[in-house]
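For reference, start.cif (mmCIF, C-alpha atoms):
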```cif
data_target
#
loop_
_atom_site.group_PDB
_atom_site.id
_atom_site.type_symbol
_atom_site.label_atom_id
_atom_site.label_comp_id
_atom_site.auth_asym_id
_atom_site.auth_seq_id
_atom_site.Cartn_x
_atom_site.Cartn_y
_atom_site.Cartn_z
ATOM 1 C CA MET A 1 -11.177 -3.185 2.615
ATOM 2 C CA ILE A 2 -14.313 -2.992 0.415
ATOM 3 C CA LEU A 3 -15.923 -6.343 -0.372
ATOM 4 C CA ARG A 4 -18.253 -7.244 -3.209
ATOM 5 C CA ALA A 5 -19.994 -9.920 -1.139
ATOM 6 C CA GLN A 6 -20.540 -9.924 2.584
ATOM 7 C CA PRO A 7 -19.809 -13.381 3.967
ATOM 8 C CA SER A 8 -22.609 -15.312 5.615
ATOM 9 C CA VAL A 9 -21.193 -17.234 8.568
ATOM 10 C CA GLY A 10 -22.848 -20.394 9.841
ATOM 11 C CA ALA A 11 -22.155 -23.531 11.843
ATOM 12 C CA VAL A 12 -21.300 -27.050 10.881
ATOM 13 C CA ASP A 13 -24.558 -28.710 11.978
ATOM 14 C CA TRP A 14 -27.409 -27.181 13.958
ATOM 15 C CA ARG A 15 -27.720 -30.031 16.447
ATOM 16 C CA HIS A 16 -25.270 -29.808 19.334
ATOM 17 C CA ALA A 17 -25.913 -31.075 22.855
ATOM 18 C CA ALA A 18 -24.325 -27.969 24.420
ATOM 19 C CA TRP A 19 -26.692 -25.704 22.484
ATOM 20 C CA LEU A 20 -29.585 -27.197 24.465
ATOM 21 C CA GLU A 21 -28.176 -25.311 27.461
ATOM 22 C CA ASN A 22 -27.196 -21.980 25.918
ATOM 23 C CA PHE A 23 -28.997 -21.499 22.599
ATOM 24 C CA TYR A 24 -32.201 -23.463 22.137
ATOM 25 C CA PRO A 25 -35.121 -22.925 24.543
ATOM 26 C CA HIS A 26 -35.556 -25.892 26.869
ATOM 27 C CA THR A 27 -39.106 -26.495 25.668
ATOM 28 C CA LEU A 28 -38.234 -26.380 21.948
ATOM 29 C CA PRO A 29 -38.897 -29.718 20.176
ATOM 30 C CA ALA A 30 -35.891 -31.149 18.343
ATOM 31 C CA ASP A 31 -37.786 -30.976 15.053
ATOM 32 C CA TRP A 32 -38.027 -27.186 15.417
ATOM 33 C CA GLN A 33 -34.335 -26.577 16.057
ATOM 34 C CA LEU A 34 -33.412 -25.921 12.426
ATOM 35 C CA ALA A 35 -36.144 -23.299 12.048
ATOM 36 C CA PHE A 36 -35.027 -21.643 15.297
ATOM 37 C CA TYR A 37 -31.387 -21.652 14.118
ATOM 38 C CA ALA A 38 -32.425 -20.188 10.744
ATOM 39 C CA ASN A 39 -34.094 -17.243 12.477
ATOM 40 C CA GLU A 40 -30.637 -15.960 13.426
ATOM 41 C CA PHE A 41 -28.173 -17.481 10.957
ATOM 42 C CA LEU A 42 -28.498 -17.694 7.189
ATOM 43 C CA THR A 43 -26.566 -20.844 6.386
ATOM 44 C CA VAL A 44 -25.548 -24.246 7.771
ATOM 45 C CA LEU A 45 -23.248 -27.068 6.685
ATOM 46 C CA VAL A 46 -24.949 -30.428 7.278
ATOM 47 C CA PRO A 47 -22.563 -33.262 8.298
ATOM 48 C CA ARG A 48 -22.433 -36.368 6.147
ATOM 49 C CA GLU A 49 -23.977 -38.653 8.758
ATOM 50 C CA ARG A 50 -27.079 -36.461 8.967
ATOM 51 C CA TRP A 51 -28.032 -36.521 5.289
ATOM 52 C CA LEU A 52 -26.260 -39.315 3.350
ATOM 53 C CA ASP A 53 -28.598 -42.215 2.540
ATOM 54 C CA ARG A 54 -31.589 -40.239 3.813
ATOM 55 C CA ASP A 55 -34.854 -40.110 1.944
ATOM 56 C CA ALA A 56 -35.348 -37.162 -0.387
ATOM 57 C CA ALA A 57 -38.456 -36.134 1.550
ATOM 58 C CA GLU A 58 -36.401 -35.519 4.699
ATOM 59 C CA CYS A 59 -34.045 -33.108 2.949
ATOM 60 C CA ALA A 60 -37.019 -31.397 1.313
ATOM 61 C CA GLN A 61 -38.565 -30.965 4.751
ATOM 62 C CA TRP A 62 -35.425 -29.213 6.024
ATOM 63 C CA LEU A 63 -35.650 -26.778 3.134
ATOM 64 C CA ALA A 64 -39.327 -26.179 3.843
ATOM 65 C CA GLU A 65 -38.502 -25.182 7.427
ATOM 66 C CA VAL A 66 -36.203 -22.306 6.460
ATOM 67 C CA GLY A 67 -36.665 -19.088 4.525
ATOM 68 C CA SER A 68 -35.863 -18.607 0.856
ATOM 69 C CA ASN A 69 -32.735 -16.600 1.729
ATOM 70 C CA PHE A 70 -31.309 -19.456 3.840
ATOM 71 C CA ARG A 71 -28.610 -21.646 2.257
ATOM 72 C CA LEU A 72 -28.257 -25.281 3.258
ATOM 73 C CA PHE A 73 -24.985 -26.966 2.263
ATOM 74 C CA LEU A 74 -24.188 -30.690 2.492
ATOM 75 C CA ASP A 75 -20.778 -31.923 3.634
ATOM 76 C CA CYS A 76 -19.393 -35.211 2.315
ATOM 77 C CA PRO A 77 -15.855 -36.336 3.129
ATOM 78 C CA LEU A 78 -15.032 -38.937 0.470
ATOM 79 C CA ASP A 79 -12.968 -41.578 2.243
ATOM 80 C CA SER A 80 -13.913 -44.685 0.255
ATOM 81 C CA GLU A 81 -15.402 -45.940 -2.997
ATOM 82 C CA HIS A 82 -18.418 -47.028 -0.984
ATOM 83 C CA THR A 83 -19.032 -43.448 0.215
ATOM 84 C CA LEU A 84 -18.813 -42.171 -3.366
ATOM 85 C CA GLN A 85 -21.408 -44.728 -4.458
ATOM 86 C CA ARG A 86 -23.701 -43.787 -1.556
ATOM 87 C CA LEU A 87 -23.430 -40.112 -2.499
ATOM 88 C CA GLN A 88 -24.305 -40.854 -6.115
ATOM 89 C CA ARG A 89 -27.283 -43.027 -5.097
ATOM 90 C CA THR A 90 -28.599 -40.325 -2.769
ATOM 91 C CA PHE A 91 -28.445 -37.615 -5.433
ATOM 92 C CA ALA A 92 -29.984 -39.983 -7.993
ATOM 93 C CA GLN A 93 -33.294 -40.068 -6.097
ATOM 94 C CA PRO A 94 -36.037 -38.661 -8.369
ATOM 95 C CA GLN A 95 -37.247 -36.140 -5.789
ATOM 96 C CA TRP A 96 -33.861 -35.182 -4.341
ATOM 97 C CA PRO A 97 -34.029 -31.343 -4.036
ATOM 98 C CA ALA A 98 -30.523 -30.632 -5.332
ATOM 99 C CA HIS A 99 -31.598 -27.431 -7.125
ATOM 100 C CA ALA A 100 -32.650 -25.863 -3.818
ATOM 101 C CA LEU A 101 -29.402 -26.576 -1.983
ATOM 102 C CA GLY A 102 -26.660 -24.031 -1.447
ATOM 103 C CA GLY A 103 -24.182 -26.646 -2.599
ATOM 104 C CA LEU A 104 -22.402 -29.944 -1.998
ATOM 105 C CA LEU A 105 -19.022 -29.784 -0.257
ATOM 106 C CA VAL A 106 -16.796 -32.741 -1.114
ATOM 107 C CA ARG A 107 -13.505 -33.222 0.732
ATOM 108 C CA SER A 108 -10.977 -35.902 -0.164
ATOM 109 C CA ASP A 109 -7.296 -36.659 -0.720
ATOM 110 C CA ASN A 110 -8.177 -39.195 -3.443
ATOM 111 C CA ALA A 111 -7.884 -37.646 -6.899
ATOM 112 C CA ASP A 112 -9.905 -40.432 -8.548
ATOM 113 C CA PHE A 113 -12.901 -39.852 -6.278
ATOM 114 C CA VAL A 114 -12.833 -36.109 -6.911
ATOM 115 C CA GLN A 115 -12.369 -36.589 -10.657
ATOM 116 C CA ALA A 116 -15.385 -38.902 -10.781
ATOM 117 C CA LEU A 117 -17.555 -36.103 -9.387
ATOM 118 C CA LEU A 118 -16.004 -33.410 -11.566
ATOM 119 C CA THR A 119 -16.724 -35.487 -14.647
ATOM 120 C CA ASN A 120 -20.414 -35.585 -13.761
ATOM 121 C CA ASN A 121 -20.573 -32.175 -12.129
ATOM 122 C CA ALA A 122 -23.525 -30.947 -14.183
ATOM 123 C CA SER A 123 -25.637 -34.003 -13.298
ATOM 124 C CA LEU A 124 -25.524 -33.198 -9.575
ATOM 125 C CA GLY A 125 -27.946 -30.345 -10.048
ATOM 126 C CA CYS A 126 -26.281 -28.061 -7.488
ATOM 127 C CA GLN A 127 -23.078 -26.154 -6.835
ATOM 128 C CA LEU A 128 -20.077 -28.429 -6.234
ATOM 129 C CA ILE A 129 -17.431 -27.228 -3.773
ATOM 130 C CA VAL A 130 -14.228 -29.292 -3.739
ATOM 131 C CA GLY A 131 -11.739 -29.559 -0.916
ATOM 132 C CA TYR A 132 -8.800 -31.572 -2.272
ATOM 133 C CA SER A 133 -5.878 -32.334 0.036
ATOM 134 C CA GLY A 134 -3.889 -34.778 -2.085
ATOM 135 C CA GLU A 135 -0.843 -34.220 -4.240
ATOM 136 C CA GLU A 136 -0.990 -31.198 -6.507
ATOM 137 C CA LEU A 137 -2.355 -31.964 -9.953
ATOM 138 C CA THR A 138 -4.646 -30.540 -12.601
ATOM 139 C CA PHE A 139 -8.127 -31.971 -12.706
ATOM 140 C CA ARG A 140 -10.030 -32.467 -15.921
ATOM 141 C CA ASP A 141 -13.207 -30.506 -15.300
ATOM 142 C CA SER A 142 -16.027 -29.237 -17.459
ATOM 143 C CA ARG A 143 -15.625 -25.671 -18.715
ATOM 144 C CA ASP A 144 -19.380 -25.231 -18.551
ATOM 145 C CA HIS A 145 -19.596 -26.470 -14.958
ATOM 146 C CA PRO A 146 -16.273 -25.731 -13.215
ATOM 147 C CA PRO A 147 -15.952 -26.609 -9.540
ATOM 148 C CA ASN A 148 -15.656 -24.167 -6.678
ATOM 149 C CA TRP A 149 -12.624 -24.797 -4.474
ATOM 150 C CA LEU A 150 -12.942 -24.876 -0.701
ATOM 151 C CA TRP A 151 -10.867 -22.343 1.248
ATOM 152 C CA LEU A 152 -9.034 -23.414 4.397
ATOM 153 C CA PRO A 153 -6.870 -21.139 6.614
ATOM 154 C CA GLN A 154 -3.678 -23.028 5.733
ATOM 155 C CA GLN A 155 -4.353 -22.604 2.028
ATOM 156 C CA ARG A 156 -2.107 -20.132 0.287
ATOM 157 C CA GLN A 157 -3.337 -20.140 -3.307
ATOM 158 C CA ALA A 158 -6.292 -18.037 -4.433
ATOM 159 C CA LEU A 159 -9.671 -19.586 -5.035
ATOM 160 C CA SER A 160 -10.835 -19.974 -8.607
ATOM 161 C CA GLU A 161 -11.912 -16.649 -10.035
ATOM 162 C CA GLY A 162 -15.155 -15.882 -11.778
ATOM 163 C CA HIS A 163 -17.406 -18.138 -9.728
ATOM 164 C CA GLY A 164 -20.652 -17.013 -8.189
ATOM 165 C CA ILE A 165 -19.944 -18.696 -4.855
ATOM 166 C CA SER A 166 -17.023 -19.061 -2.440
ATOM 167 C CA VAL A 167 -16.998 -21.367 0.587
ATOM 168 C CA GLY A 168 -14.557 -21.536 3.502
ATOM 169 C CA LEU A 169 -14.198 -23.746 6.575
ATOM 170 C CA ILE A 170 -12.522 -22.884 9.884
ATOM 171 C CA GLU A 171 -12.338 -24.432 13.363
ATOM 172 C CA GLN A 172 -13.712 -22.897 16.544
ATOM 173 C CA ALA A 173 -10.256 -23.261 18.128
ATOM 174 C CA GLN A 174 -8.841 -20.893 15.482
ATOM 175 C CA CYS A 175 -11.259 -18.138 16.540
ATOM 176 C CA ARG A 176 -9.413 -17.099 19.700
ATOM 177 C CA ASP A 177 -10.643 -13.501 19.767
ATOM 178 C CA ASP A 178 -12.072 -10.811 17.507
ATOM 179 C CA ARG A 179 -8.657 -10.016 16.037
ATOM 180 C CA SER A 180 -7.993 -13.609 14.969
ATOM 181 C CA LEU A 181 -11.565 -13.943 13.717
ATOM 182 C CA ARG A 182 -11.245 -10.830 11.593
ATOM 183 C CA ALA A 183 -7.912 -12.036 10.197
ATOM 184 C CA LEU A 184 -9.513 -15.339 9.151
ATOM 185 C CA ILE A 185 -12.442 -13.626 7.457
ATOM 186 C CA GLU A 186 -10.194 -11.142 5.656
ATOM 187 C CA SER A 187 -7.921 -13.958 4.467
ATOM 188 C CA PHE A 188 -10.902 -15.894 3.119
ATOM 189 C CA MET A 189 -12.315 -12.892 1.312
ATOM 190 C CA ALA A 190 -8.925 -11.798 -0.045
ATOM 191 C CA ARG A 191 -8.351 -15.205 -1.654
ATOM 192 C CA GLY A 192 -11.561 -15.317 -3.623
ATOM 193 C CA GLY A 193 -14.517 -14.589 -1.379
ATOM 194 C CA ALA A 194 -14.665 -10.882 -2.207
ATOM 195 C CA ALA A 195 -14.832 -11.615 -5.948
ATOM 196 C CA ALA A 196 -17.826 -13.926 -5.560
ATOM 197 C CA GLN A 197 -21.489 -13.001 -5.673
ATOM 198 C CA GLU A 198 -22.059 -15.116 -2.561
ATOM 199 C CA ALA A 199 -19.587 -16.076 0.170
ATOM 200 C CA TYR A 200 -20.145 -18.585 2.977
ATOM 201 C CA LEU A 201 -17.858 -19.356 5.885
ATOM 202 C CA PHE A 202 -18.545 -22.287 8.208
ATOM 203 C CA ILE A 203 -17.247 -22.783 11.732
ATOM 204 C CA ALA A 204 -16.744 -26.337 13.001
ATOM 205 C CA GLY A 205 -16.382 -27.298 16.637
ATOM 206 C CA ASP A 206 -17.717 -29.404 19.470
ATOM 207 C CA PRO A 207 -19.696 -27.274 19.519
ATOM 208 C CA PRO A 208 -19.097 -24.119 17.497
ATOM 209 C CA SER A 209 -19.891 -21.116 19.653
ATOM 210 C CA THR A 210 -23.062 -19.237 18.733
ATOM 211 C CA GLU A 211 -21.437 -16.094 20.103
ATOM 212 C CA THR A 212 -18.508 -16.608 17.708
ATOM 213 C CA LEU A 213 -20.989 -17.001 14.854
ATOM 214 C CA ARG A 214 -22.681 -13.746 15.814
ATOM 215 C CA ARG A 215 -19.387 -11.844 16.080
ATOM 216 C CA ALA A 216 -18.159 -13.278 12.778
ATOM 217 C CA ASN A 217 -21.280 -12.098 10.960
ATOM 218 C CA ILE A 218 -20.937 -8.615 12.464
ATOM 219 C CA ILE A 219 -17.267 -8.442 11.438
ATOM 220 C CA GLY A 220 -18.150 -9.599 7.930
ATOM 221 C CA GLN A 221 -20.762 -6.862 7.609
ATOM 222 C CA LEU A 222 -18.290 -4.182 8.734
ATOM 223 C CA LEU A 223 -15.433 -5.124 6.403
#
```

Could you render the structure as structure tokens?
Amino acid sequence: MILRAQPSVGAVDWRHAAWLENFYPHTLPADWQLAFYANEFLTVLVPRERWLDRDAAECAQWLAEVGSNFRLFLDCPLDSEHTLQRLQRTFAQPQWPAHALGGLLVRSDNADFVQALLTNNASLGCQLIVGYSGEELTFRDSRDHPPNWLWLPQQRQALSEGHGISVGLIEQAQCRDDRSLRALIESFMARGGAAAQEAYLFIAGDPPSTETLRRANIIGQLL
């Protein structure tokens, strides 16, 4: 299987209590954890509670701590009108570094919330990745700024073609061994990741295993 893009595999969040025992050095200050993480992995998905409503300077500081080849994505489950408004206020900050982000991942089963973001996709200033779990329908989106659709293991349809970026999300519990991990990566790439210029796969868990992240990146490089 020859791939156009090799997937970069990263964790959902870089702050996990268990990582203090088996990943981060005991003497490492908490403020240096992201830089330490970025020395080994090239991407991270930041949970909503860590970035929503934060000052633009804090997000800019995160970006300053990592290299130019690192991609920082923001996760935002849209579960209420209030959350949508908070997201819009955060991105409306004059100094919000949207252009430097890998992208914004929005997950929701509410078509109205998703449509509101699609309508103003271009104004976000970064790549929009949509995970929609509601009833099947056709969204009205901008032809100049089409969304990228999130891949999940249970998803059967292909991702949108022709985009420069593909994003997938899996759970640590689904990564039972190297065979299952390879099957997940191949499925992601076969449904759109291989056609993209950049592909990112995130592993969620409590916590995600750093060893799983390492093996996943090696498998992705060998495919």

Can you tell me, as AutoDock Vina command-line options, the centre and edge lengths (Å, one decimal) of the axis-aligned box enclosing all of stretch 78-88 of chain A's listed atoms after padding each side by 4 Å?
```
--center_x -18.6 --center_y -43.0 --center_z -1.9 --size_x 19.3 --size_y 16.1 --size_z 16.4
```

- prompt: What does the distance from atom CA of A:Asp206 to atom CA of A:Ala18 come to in Å, to one decimal?
  reply: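 Computing the Euclidean distance for atom CA of A:Asp206 and atom CA of A:Ala18 yields 8.4 Å.
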
- request: Tell me which residues the PyMOL selection byres ((chain A and resi 114) around 12) grabs here, as a VMD selection string.
  value: chain A and resid 76 to 81 83 to 84 105 to 113 115 to 121 128 to 134 137 to 141 147 149

field: Exercise: residues within 8 Å of coordinate (-28.1, -18.0, 13.9), counting all atoms listed in the file, as a ChimeraX atom specification
entry: /A:10,36-42,210,213-214

Show me as an mmCIF file with C-alpha atoms, in the frame of the given file the residues that reach within 7 Å of (-21.0, -27.3, 20.2), counting only C-alpha atoms and using the file's own coordinates.
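Okay, this is what ended up in point-v4.cif:
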```cif
data_model
loop_
_atom_site.group_PDB
_atom_site.id
_atom_site.type_symbol
_atom_site.label_atom_id
_atom_site.label_comp_id
_atom_site.auth_asym_id
_atom_site.auth_seq_id
_atom_site.Cartn_x
_atom_site.Cartn_y
_atom_site.Cartn_z
ATOM 1 C CA HIS A 16 -25.270 -29.808 19.334
ATOM 2 C CA ALA A 17 -25.913 -31.075 22.855
ATOM 3 C CA ALA A 18 -24.325 -27.969 24.420
ATOM 4 C CA TRP A 19 -26.692 -25.704 22.484
ATOM 5 C CA GLY A 205 -16.382 -27.298 16.637
ATOM 6 C CA ASP A 206 -17.717 -29.404 19.470
ATOM 7 C CA PRO A 207 -19.696 -27.274 19.519
ATOM 8 C CA PRO A 208 -19.097 -24.119 17.497
ATOM 9 C CA SER A 209 -19.891 -21.116 19.653
#
```

Contacts of A:Val12 at 7 Å (all atoms listed in the file; same-chain gap of 2+ positions) as a compact mmCIF listing (two decimals) with C-alpha atoms, in the coordinates of the input:
```txt
# COMPACT_ATOMS: atom_id res chain seq x y z
CA GLY A 10 -22.85 -20.39 9.84
CA TRP A 14 -27.41 -27.18 13.96
CA VAL A 44 -25.55 -24.25 7.77
CA LEU A 45 -23.25 -27.07 6.68
CA VAL A 46 -24.95 -30.43 7.28
CA PRO A 47 -22.56 -33.26 8.30
CA PHE A 202 -18.55 -22.29 8.21
CA ILE A 203 -17.25 -22.78 11.73
CA ALA A 204 -16.74 -26.34 13.00
```

- line: Closest of A:Ala64, A:Ala30, A:Leu124, A:Leu74 to A:Gln88, counting all atoms listed in the file, is A:Leu124

field: Interatomic distance, atom CA of A:Trp32 to atom CA of A:Ala60 (Å, one decimal)
entry: 14.8 Å

task: Find the distance between atom CA of A:Val167 and atom CA of A:Gln95 and write it in Å to one decimal.
output: 25.9 Å

message: My list of candidates is A:Arg71, A:His82, A:Arg54, A:Arg89. Which is closest to A:Gly103 when distances are computed with only C-alpha atoms?
response: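 The shortest atom-to-atom distance to A:Gly103 comes from A:Arg71.
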
field: Counting only C-alpha atoms, the residue of A:Thr90, A:Asn22, A:Gln85, A:Asn217 that sits nearest A:Asp53
entry: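 Closest to A:Asp53, using only C-alpha atoms: A:Thr90.
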
- prompt: With only C-alpha atoms as the atoms that count, which of A:Pro97, A:Leu181, A:Asp75, A:Cys126 lies nearest to A:Trp62?
  reply: A:Pro97

Would you mind completing stretch 172-201 of chain A to N, CA and C atoms and writing the output as an mmCIF file, in the frame of the given file?
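Written output follows (rebuild-v9.cif):
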```cif
data_model
loop_
_atom_site.group_PDB
_atom_site.id
_atom_site.type_symbol
_atom_site.label_atom_id
_atom_site.label_comp_id
_atom_site.auth_asym_id
_atom_site.auth_seq_id
_atom_site.Cartn_x
_atom_site.Cartn_y
_atom_site.Cartn_z
ATOM 1 N N GLN A 172 -13.443 -23.766 15.405
ATOM 2 C CA GLN A 172 -13.712 -22.897 16.544
ATOM 3 C C GLN A 172 -12.430 -22.535 17.285
ATOM 4 N N ALA A 173 -11.507 -23.495 17.409
ATOM 5 C CA ALA A 173 -10.256 -23.261 18.128
ATOM 6 C C ALA A 173 -9.398 -22.178 17.469
ATOM 7 N N GLN A 174 -9.605 -21.925 16.179
ATOM 8 C CA GLN A 174 -8.841 -20.893 15.482
ATOM 9 C C GLN A 174 -9.401 -19.494 15.741
ATOM 10 N N CYS A 175 -10.594 -19.418 16.298
ATOM 11 C CA CYS A 175 -11.259 -18.138 16.540
ATOM 12 C C CYS A 175 -11.018 -17.713 17.987
ATOM 13 N N ARG A 176 -9.798 -17.360 18.308
ATOM 14 C CA ARG A 176 -9.413 -17.099 19.700
ATOM 15 C C ARG A 176 -10.015 -15.796 20.236
ATOM 16 N N ASP A 177 -10.091 -14.796 19.376
ATOM 17 C CA ASP A 177 -10.643 -13.501 19.767
ATOM 18 C C ASP A 177 -11.084 -12.775 18.505
ATOM 19 N N ASP A 178 -11.577 -11.546 18.664
ATOM 20 C CA ASP A 178 -12.072 -10.811 17.507
ATOM 21 C C ASP A 178 -10.972 -10.521 16.490
ATOM 22 N N ARG A 179 -9.755 -10.308 16.965
ATOM 23 C CA ARG A 179 -8.657 -10.016 16.037
ATOM 24 C C ARG A 179 -8.360 -11.231 15.153
ATOM 25 N N SER A 180 -8.270 -12.409 15.762
ATOM 26 C CA SER A 180 -7.993 -13.609 14.969
ATOM 27 C C SER A 180 -9.166 -13.931 14.060
ATOM 28 N N LEU A 181 -10.378 -13.684 14.530
ATOM 29 C CA LEU A 181 -11.565 -13.943 13.717
ATOM 30 C C LEU A 181 -11.596 -13.019 12.504
ATOM 31 N N ARG A 182 -11.275 -11.766 12.725
ATOM 32 C CA ARG A 182 -11.245 -10.830 11.593
ATOM 33 C C ARG A 182 -10.153 -11.224 10.593
ATOM 34 N N ALA A 183 -9.006 -11.641 11.090
ATOM 35 C CA ALA A 183 -7.912 -12.036 10.197
ATOM 36 C C ALA A 183 -8.323 -13.224 9.331
ATOM 37 N N LEU A 184 -9.049 -14.176 9.904
ATOM 38 C CA LEU A 184 -9.513 -15.339 9.151
ATOM 39 C C LEU A 184 -10.512 -14.926 8.068
ATOM 40 N N ILE A 185 -11.435 -14.062 8.429
ATOM 41 C CA ILE A 185 -12.442 -13.626 7.457
ATOM 42 C C ILE A 185 -11.794 -12.820 6.338
ATOM 43 N N GLU A 186 -10.874 -11.942 6.686
ATOM 44 C CA GLU A 186 -10.194 -11.142 5.656
ATOM 45 C C GLU A 186 -9.367 -12.028 4.729
ATOM 46 N N SER A 187 -8.713 -13.051 5.289
ATOM 47 C CA SER A 187 -7.921 -13.958 4.467
ATOM 48 C C SER A 187 -8.812 -14.724 3.492
ATOM 49 N N PHE A 188 -9.941 -15.189 3.976
ATOM 50 C CA PHE A 188 -10.902 -15.894 3.119
ATOM 51 C C PHE A 188 -11.387 -14.999 1.991
ATOM 52 N N MET A 189 -11.787 -13.790 2.324
ATOM 53 C CA MET A 189 -12.315 -12.892 1.312
ATOM 54 C C MET A 189 -11.239 -12.441 0.334
ATOM 55 N N ALA A 190 -10.016 -12.253 0.823
ATOM 56 C CA ALA A 190 -8.925 -11.798 -0.045
ATOM 57 C C ALA A 190 -8.528 -12.854 -1.068
ATOM 58 N N ARG A 191 -8.762 -14.129 -0.750
ATOM 59 C CA ARG A 191 -8.351 -15.205 -1.654
ATOM 60 C C ARG A 191 -9.494 -15.729 -2.517
ATOM 61 N N GLY A 192 -10.510 -14.928 -2.699
ATOM 62 C CA GLY A 192 -11.561 -15.317 -3.623
ATOM 63 C C GLY A 192 -12.954 -14.960 -3.178
ATOM 64 N N GLY A 193 -13.175 -14.865 -1.860
ATOM 65 C CA GLY A 193 -14.517 -14.589 -1.379
ATOM 66 C C GLY A 193 -15.063 -13.244 -1.825
ATOM 67 N N ALA A 194 -14.214 -12.229 -1.854
ATOM 68 C CA ALA A 194 -14.665 -10.882 -2.207
ATOM 69 C C ALA A 194 -15.059 -10.774 -3.675
ATOM 70 N N ALA A 195 -14.527 -11.657 -4.528
ATOM 71 C CA ALA A 195 -14.832 -11.615 -5.948
ATOM 72 C C ALA A 195 -16.093 -12.390 -6.287
ATOM 73 N N ALA A 196 -16.651 -13.107 -5.315
ATOM 74 C CA ALA A 196 -17.826 -13.926 -5.560
ATOM 75 C C ALA A 196 -19.112 -13.138 -5.311
ATOM 76 N N GLN A 197 -20.186 -13.606 -5.922
ATOM 77 C CA GLN A 197 -21.489 -13.001 -5.673
ATOM 78 C C GLN A 197 -22.017 -13.412 -4.306
ATOM 79 N N GLU A 198 -21.654 -14.618 -3.866
ATOM 80 C CA GLU A 198 -22.059 -15.116 -2.561
ATOM 81 C C GLU A 198 -20.855 -15.756 -1.885
ATOM 82 N N ALA A 199 -20.709 -15.509 -0.583
ATOM 83 C CA ALA A 199 -19.587 -16.076 0.170
ATOM 84 C C ALA A 199 -20.111 -16.656 1.477
ATOM 85 N N TYR A 200 -19.673 -17.877 1.777
ATOM 86 C CA TYR A 200 -20.145 -18.585 2.977
ATOM 87 C C TYR A 200 -18.946 -19.139 3.734
ATOM 88 N N LEU A 201 -18.948 -18.893 5.028
ATOM 89 C CA LEU A 201 -17.858 -19.356 5.885
ATOM 90 C C LEU A 201 -18.472 -20.164 7.025
#
```
